[in-house]
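Here's the structure, in structure tokens; my notes come after.
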Amino acid sequence: MAKAFQKIYTQITAITKATCSLKAQGVGNDELATVNGKLAQVVKILGDDVTLQVFEGTEGIPTNAEVVFLGKAPSLKVSDQLAGRFFNAYGDPIDGGPEIEGKEIEIGGPSVNPVRRKQPSELIATGIAGIDLNNTLVSGQKIPFFADPDQPYNQVMANVALRAQADKIILGGMGLTNDDYLYFKNVFNNAGVLDRIVSFVNTTENPAVERLLVPDMALAAAEYFAVEKHQKVLVLLTDMTLYADALAIVSNRMDQIPSKDSMPGSLYSDLAKLYEKAVQFPEEAGGGSITIIAVTTLSGGDITHAIPDNTGYITEGQLYLRRDSDIGKVIVDPFRSLSRLKQLVAGKKTREDHPQVMNAAVRLYADAANAKTKQENGFDLTDYDERCLKFAKEYSNDILAIDVNINTTEMLDVAWRLFAKHFKPEEVNIKQVFVDKYWGK
Amino acid sequence: MTTGKVKGVIANLVTVGVDGAVSQNEICYIHVGDVKLMAEVIKVTGDNVFVQVFESTRGLKVGNLVEFTGHMLEVTLGPGLLSRNYDGLQNDLDKLTGVFLKRGEYSFPLDENKLWSFKPLAKVGDKVEAASWLGEVDENHQPHKIMVPFVFEGEYTVKSIVKEGEYKINDTIAVLADADGNLHQVTMIQKWPVKKAIMAYKSKPRPFKLLETGVRTIDTANPICEGGTGFIPGPFGTGKTVLQHAISKQAEADIVVIAACGERANEVVETFTEFPELDDPHTGRKLMERTIIIANTSNMPVASREASVYTSMTIAEYYRSMGLRVLLMADSTSRWAQALREMSNRLEELPGQDAFPMDLSAIIGAFYARAGYVYLNNGATGSVTFLGTVSPAGGNLKEPVTEGTKKVARCFYALEQARADRKRYPAVNPIDSYSKYIEYPEFAEYISQRINGEWLEKVNDMKTYLQRGKEIQEQINILGDDGVTVDFHEGFWKSEVIDFVILQQDAFDKIDAVCPLERQEYMLDLVMDICKHDYNFDNFLEVSEYFKRVINLCKQMNYSEFHSEQFEDYRKKLNDLLAERQIAA
């Protein structure tokens, strides 16, 4: 790998589990190096002392390891050849295919000037009513699933990816189990969409610190397609919790003072730098877009943990999955799920009554939840409570369940049908003009 | 000027060896290839100067040249700030080329070639001091005062001043002589270091004038004053941003400065897109004409995030000195605190609670103290009203940023997850929230003239009904619907009427979004009249059924144009409904 003029260092002065240090001159911050062939990156320079973060881990690195500085930051070769291919965290093919030829770009590049962005305004339909009706997605949005590890988030995400009309789907897998990796590969293959997919995968079999490169690789590829090819790109990042864990490992090895939940103090900025790559470009800039759907796994549903908490402040909403014992299906939780950009399309790109119907239904569903609490505590239910409970069950089954696949107008019609079946107009609290137009129709 | 060489790099903290004197917070530029990166001195130990770089430090090497400038981080103040979009360092974002921000690219914040029509206000021979008005230009229909630079100390005499006419910002418009007879040329622009408060005013009384926002849960329940301070803490997803946008659109202010500090880019884009289209409800012109946006989104460099709140405050103080009412909104001060934490961490300072710097609460306090209502030296008044949002980690209000803010801000708008889950927006908890201004006698006097003498008492009654309603709800939860008397149900539903009709407001409905003060007065009178009456009910089922109809009619009124035919029609229906069960007093 070393070229003729490159200096080779062979004196390692310190080794930790994730980093090693040596004396070297003329080294740039963020620069890549190889340590006995293992890829590493400069994370600290103090005079002649240079600290390298070794992505594969430092197992077996001797004190006389050969260190070569490559004079560049981590980069990816981009061209149309990326389509349909699978890569590891370094951007090297893992599907047995040839190397990519193309322009080499640095990953983790600068951010888009906010005034050069366009306000997201295109609906991304998924057919899943729990998403489209209550938490409508918009191109250029970034939104995670907050899910416990046992929930079918990867399946839902794969469904969303296939139904969303994207030109490219870029999968960034961090700590993906081999089974899930094969699942994605199969689903994309069977749907015949492999030519639209680019995957960067770090499985649980690969070293943890390598994961740190995956989202930047995926987003660099996404930027290439969105900026230069003017395409609509959907990026899937799973699982961001494992990414943050890798950040914590490195920060810990560098003796940084941990903040909440042992996470590095810079967690918010680290995550924001990735998620903020989501963007809608205006027509003048080609009209491409990057939409990010991510997964943040929770431990026991705890969203106050630093990872989901910081994520929630960065992303434009979050989606929760929950098993509803009344209908025995997994539903998109209407209380805690939120798409912050939904008002940009709800009632504008969808039917006018969408926002009010959505809110009214959730309010009635909340009344049903109260009624249920009353019931569990052994109190008598009123007639209204009973009707709420009946409504909630049907609403859960016909709208919230993740196996629903209908368009938004049908979703609204279903909701009005349920309103009329169980309630009187004054109980539903919707603007009179809509009631006149849609009630019982 | 002092120069130096880079000795070490960790993320955006760079160690520099210097050949001369440097001062704390001095600005320097680090040369990397053919670009210069702006940085600020944050610590000096012996020969080592620690600087935080406002950009990515990728590729920085030991030995890179560093040039010091001799001044702190400054902003340029002058006509032409309005309607602009700046980053945290006051670079004009619209002037930067390319889709992506380029490292080391800086731009001048004002237009140097635009001609302004200047009208002198001072005469030759006038005695003036810092912030005295020398003249004015018309900036988007606001009288933009050209002032004696704030850095001038002592008294000056106007030696000459240009005649009414068209001038550029760098033209000399006046010559001033100091006490020693030295002459100073004054242009339309001046510079000021952002971390210092502009103190060129006579006095700062307690705020007493209501700042109307059109949001009922604020104006009616917990009002904020001109020159007041408030904060909005809330877990994510509780409608913090929607509420803040509503206030910035509707508030009765001459100038609105929005500091998007470490927040989402798409939210800033929403402001960029909407404000040029939206009408200012007070003047009928476009909202953007009175707005300045400081956008330092979460993916932009951390150090300039810290600078952005100071840049915004300095610009706000500048307009206050012209006798204008300025509203400054910062979203979110937690991101600013996190930027402080990141730097403190890299400096290896001993951490305080949650790894924040020990002096966090002092820094927050000093910042909030820069807001206020002031009497200027010429007797005019001006104000900077400051509203900050706080994003408490894990939604837990017992964390350092919330606690530090609570000590200094006078209004508190507690956004509540449970309300948001039930779609009761704005999700401001009416019982936990407070406004200290309500207790000020000077505010009571003001409001009795602005609205009426019974207003505060009615507001107080309203809060009592809400408190009572909450207590009853807890009792019903324990005892069951049958376990309490019908009166209890009536009490609970009265509090629900207040909640649905006064507190809840649809920010996305064209009419309900803005509720002018006179309409708030009307609705409060109406609702309190409903609450004050007793009603005939046989059982509790009738109570909820009846009050739901009452709420529905009141809500339809909220959705109708004030005093329109439709509005009066609903009012009539409501009166009929009330007559059905009300017991005459």
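Residue numbering restarts at 1 in every chain; chains get A, B, ... in the order shown in the structure tokens, and ligands count up from 1 in that same order.
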
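In plain terms, chain A touches chain B through Val27, Gly28, Asn29, Asp30, Lys44, Ile45, Leu46, Gly47, Ser111, Val112, Asn113, Arg116, Gln119, Ser259, Lys260, Gly265, Ser266, Ala272, Lys273, Thr304, Asp309, Tyr313, Phe335, Arg363 and Phe379 of chain A, where touching means an atom at most 6 Å away, counting only C-alpha atoms.
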
At most 12 Å is the cut-off: for each residue in stretch 312-357 of chain A with any atom that close to an atom of stretch 155-174 of chain A, write down the nearest atom pair and the distance in Å rounded to one decimal, counting only C-alpha atoms, chain first then increasing number, as JSON lines.
```
{"residue": "A:Leu319", "atom": "CA", "partner": "A:Met157", "partner_atom": "CA", "distance": 10.9}
{"residue": "A:Tyr320", "atom": "CA", "partner": "A:Val156", "partner_atom": "CA", "distance": 11.2}
{"residue": "A:Leu321", "atom": "CA", "partner": "A:Val156", "partner_atom": "CA", "distance": 9.5}
{"residue": "A:Val330", "atom": "CA", "partner": "A:Val156", "partner_atom": "CA", "distance": 10.3}
{"residue": "A:Ile331", "atom": "CA", "partner": "A:Val156", "partner_atom": "CA", "distance": 10.7}
{"residue": "A:Val332", "atom": "CA", "partner": "A:Val156", "partner_atom": "CA", "distance": 10.2}
```

request  = Using DSSP on the backbone, list every residue of stretch 18-206 of chain A that comes out as alpha helix (DSSP H), and give them as a PyMOL selection string.
outcome  = chain A and resi 129-132+153-163+178-190

Next item on the list: Quick one: everything within 9 Å of A:Trp416, counting only C-alpha atoms, minus sequence neighbours fewer than 6 positions away in the same chain. Send it as a list in words.
Entry: Val357, Tyr438, Trp439, Gly440 and Lys441 of chain A

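Relative to atom CA of B:Tyr434, atom CA of B:Ala414 is found at 8.5 Å.
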
Neighbour list for A:Ala147 as a PyMOL selection string, cut-off 12 Å, only C-alpha atoms, skip fewer than 3 positions in-chain:
chain A and resi 144+150-154+156-157+238-241+294-303+308+318-323+330-333+336-337

message: Please return, as a PyMOL selection string, all residues of stretch 395-533 of chain B that DSSP assigns to strand (DSSP E or B) on the basis of the backbone.
response: chain B and resi 411-412+415+428+434-435

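What separates atom CA of B:Asp506 from atom CA of B:Phe547 is a distance of 20.1 Å.
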
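All residues of protein, DNA or RNA that reach within 8 Å of A:Ile327, judged by only C-alpha atoms and not counting those fewer than 3 positions away in the chain, are Asp324, Lys393, Ser396 and Asn397 of chain A.
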
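Among the candidates B:Thr464, B:Tyr570, B:Asp280, B:Ile218, the residue lying nearest to B:Phe412 is B:Ile218 (atoms considered: only C-alpha atoms).
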
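Residues with any atom within 7 Å of A:Phe86, counting only C-alpha atoms and excluding same-chain neighbours fewer than 3 positions away, are Pro93, Ile94, Asp95, Val198, Ser199 and Phe200 of chain A.
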
Give me a file of those residues, with N, CA and C atoms, as a compact mmCIF listing (two decimals), in the first residue's frame.
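What follows is the written file out.txt:
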```
# COMPACT_ATOMS: atom_id res chain seq x y z
N PRO A 93 -15.94 -3.53 -2.01
CA PRO A 93 -17.02 -4.47 -2.34
C PRO A 93 -16.92 -5.75 -1.49
N ILE A 94 -18.07 -6.26 -1.05
CA ILE A 94 -18.08 -7.53 -0.34
C ILE A 94 -18.98 -8.53 -1.06
N ASP A 95 -19.38 -8.19 -2.29
CA ASP A 95 -20.26 -9.10 -3.01
C ASP A 95 -19.52 -9.85 -4.10
N VAL A 198 -27.98 0.54 -2.88
CA VAL A 198 -26.56 0.51 -2.56
C VAL A 198 -26.46 0.19 -1.08
N SER A 199 -25.62 -0.76 -0.71
CA SER A 199 -25.57 -1.13 0.71
C SER A 199 -24.16 -1.02 1.26
N PHE A 200 -24.07 -0.43 2.45
CA PHE A 200 -22.81 -0.41 3.21
C PHE A 200 -23.11 -1.15 4.50
```

### Task
With a distance cut-off of 12 Å and only C-alpha atoms, select the neighbouring residues of B:Tyr368, excluding the residue or stretch itself and same-chain residues fewer than 2 positions from it, and output the selection as a PyMOL selection string.
chain B and resi 197+227-231+309-310+313+328-330+333+361-366+370-372+384-388+404-411

Could you please take those selected residues and save N, CA and C atoms as a compact mmCIF listing (two decimals), in the first residue's frame?
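Once written, out_21.txt looks like this:
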```
# COMPACT_ATOMS: atom_id res chain seq x y z
N ALA B 197 -22.32 43.30 26.86
CA ALA B 197 -23.66 43.90 26.74
C ALA B 197 -23.52 45.36 26.35
N GLY B 227 -39.74 43.52 27.09
CA GLY B 227 -38.50 43.56 27.86
C GLY B 227 -38.40 42.45 28.88
N GLY B 228 -39.37 41.55 28.87
CA GLY B 228 -39.36 40.46 29.83
C GLY B 228 -38.55 39.27 29.33
N THR B 229 -38.42 38.29 30.21
CA THR B 229 -37.71 37.08 29.83
C THR B 229 -38.60 35.89 30.11
N GLY B 230 -38.50 34.90 29.27
CA GLY B 230 -39.29 33.69 29.48
C GLY B 230 -38.58 32.51 28.90
N PHE B 231 -38.98 31.34 29.33
CA PHE B 231 -38.39 30.16 28.69
C PHE B 231 -39.41 29.04 28.57
N VAL B 309 -25.76 32.83 19.75
CA VAL B 309 -26.71 33.47 20.67
C VAL B 309 -26.23 34.87 21.04
N TYR B 310 -24.91 35.03 21.13
CA TYR B 310 -24.37 36.36 21.46
C TYR B 310 -24.54 37.32 20.29
N MET B 313 -28.12 38.45 20.32
CA MET B 313 -28.41 39.39 21.40
C MET B 313 -27.84 40.77 21.10
N LEU B 328 -36.49 38.68 20.84
CA LEU B 328 -35.43 37.73 20.49
C LEU B 328 -35.86 36.34 20.93
N MET B 329 -35.85 35.42 19.97
CA MET B 329 -36.22 34.05 20.28
C MET B 329 -35.00 33.17 20.04
N ALA B 330 -34.62 32.36 21.01
CA ALA B 330 -33.49 31.46 20.81
C ALA B 330 -33.95 30.02 20.97
N THR B 333 -31.56 27.03 23.81
CA THR B 333 -30.43 27.38 24.65
C THR B 333 -29.70 26.14 25.17
N SER B 361 -24.55 28.07 35.12
CA SER B 361 -25.72 28.85 35.52
C SER B 361 -25.38 30.35 35.55
N ALA B 362 -24.12 30.68 35.84
CA ALA B 362 -23.71 32.09 35.79
C ALA B 362 -23.72 32.62 34.36
N ILE B 363 -23.30 31.77 33.41
CA ILE B 363 -23.27 32.18 32.00
C ILE B 363 -24.70 32.43 31.51
N ILE B 364 -25.61 31.52 31.87
CA ILE B 364 -27.01 31.67 31.47
C ILE B 364 -27.60 32.94 32.08
N GLY B 365 -27.31 33.15 33.38
CA GLY B 365 -27.83 34.32 34.09
C GLY B 365 -27.37 35.61 33.44
N ALA B 366 -26.09 35.68 33.10
CA ALA B 366 -25.54 36.90 32.51
C ALA B 366 -26.18 37.15 31.15
N ARG B 370 -29.19 40.48 29.79
CA ARG B 370 -29.04 41.47 28.73
C ARG B 370 -30.38 41.90 28.15
N ALA B 371 -31.43 41.12 28.37
CA ALA B 371 -32.76 41.53 27.91
C ALA B 371 -33.24 42.69 28.79
N GLY B 372 -34.37 43.29 28.45
CA GLY B 372 -34.93 44.30 29.34
C GLY B 372 -35.58 45.46 28.61
N VAL B 384 -35.80 44.70 24.70
CA VAL B 384 -35.46 43.38 24.14
C VAL B 384 -36.18 42.37 25.00
N THR B 385 -37.17 41.70 24.41
CA THR B 385 -37.87 40.62 25.10
C THR B 385 -37.19 39.33 24.68
N PHE B 386 -36.83 38.51 25.65
CA PHE B 386 -36.11 37.30 25.29
C PHE B 386 -36.89 36.05 25.67
N LEU B 387 -37.09 35.19 24.69
CA LEU B 387 -37.74 33.91 24.95
C LEU B 387 -36.82 32.80 24.47
N GLY B 388 -36.40 31.97 25.39
CA GLY B 388 -35.52 30.87 25.00
C GLY B 388 -36.22 29.55 25.18
N GLY B 404 -30.72 26.23 35.75
CA GLY B 404 -30.00 27.49 35.63
C GLY B 404 -30.89 28.57 35.02
N THR B 405 -31.75 28.16 34.08
CA THR B 405 -32.62 29.11 33.41
C THR B 405 -33.77 29.55 34.32
N LYS B 406 -34.28 28.58 35.07
CA LYS B 406 -35.43 28.86 35.95
C LYS B 406 -35.08 29.94 36.97
N LYS B 407 -33.82 30.01 37.35
CA LYS B 407 -33.41 31.01 38.33
C LYS B 407 -33.50 32.43 37.77
N VAL B 408 -33.38 32.58 36.46
CA VAL B 408 -33.30 33.93 35.91
C VAL B 408 -34.49 34.35 35.07
N ALA B 409 -35.15 33.41 34.39
CA ALA B 409 -36.26 33.81 33.52
C ALA B 409 -37.50 34.07 34.36
N ARG B 410 -38.29 35.07 33.98
CA ARG B 410 -39.45 35.46 34.79
C ARG B 410 -40.74 34.77 34.36
N CYS B 411 -40.75 34.22 33.16
CA CYS B 411 -41.93 33.48 32.73
C CYS B 411 -41.51 32.05 32.41
```

Here atom CA of B:Arg285 and atom CA of B:Glu252 stand apart by 13.5 Å
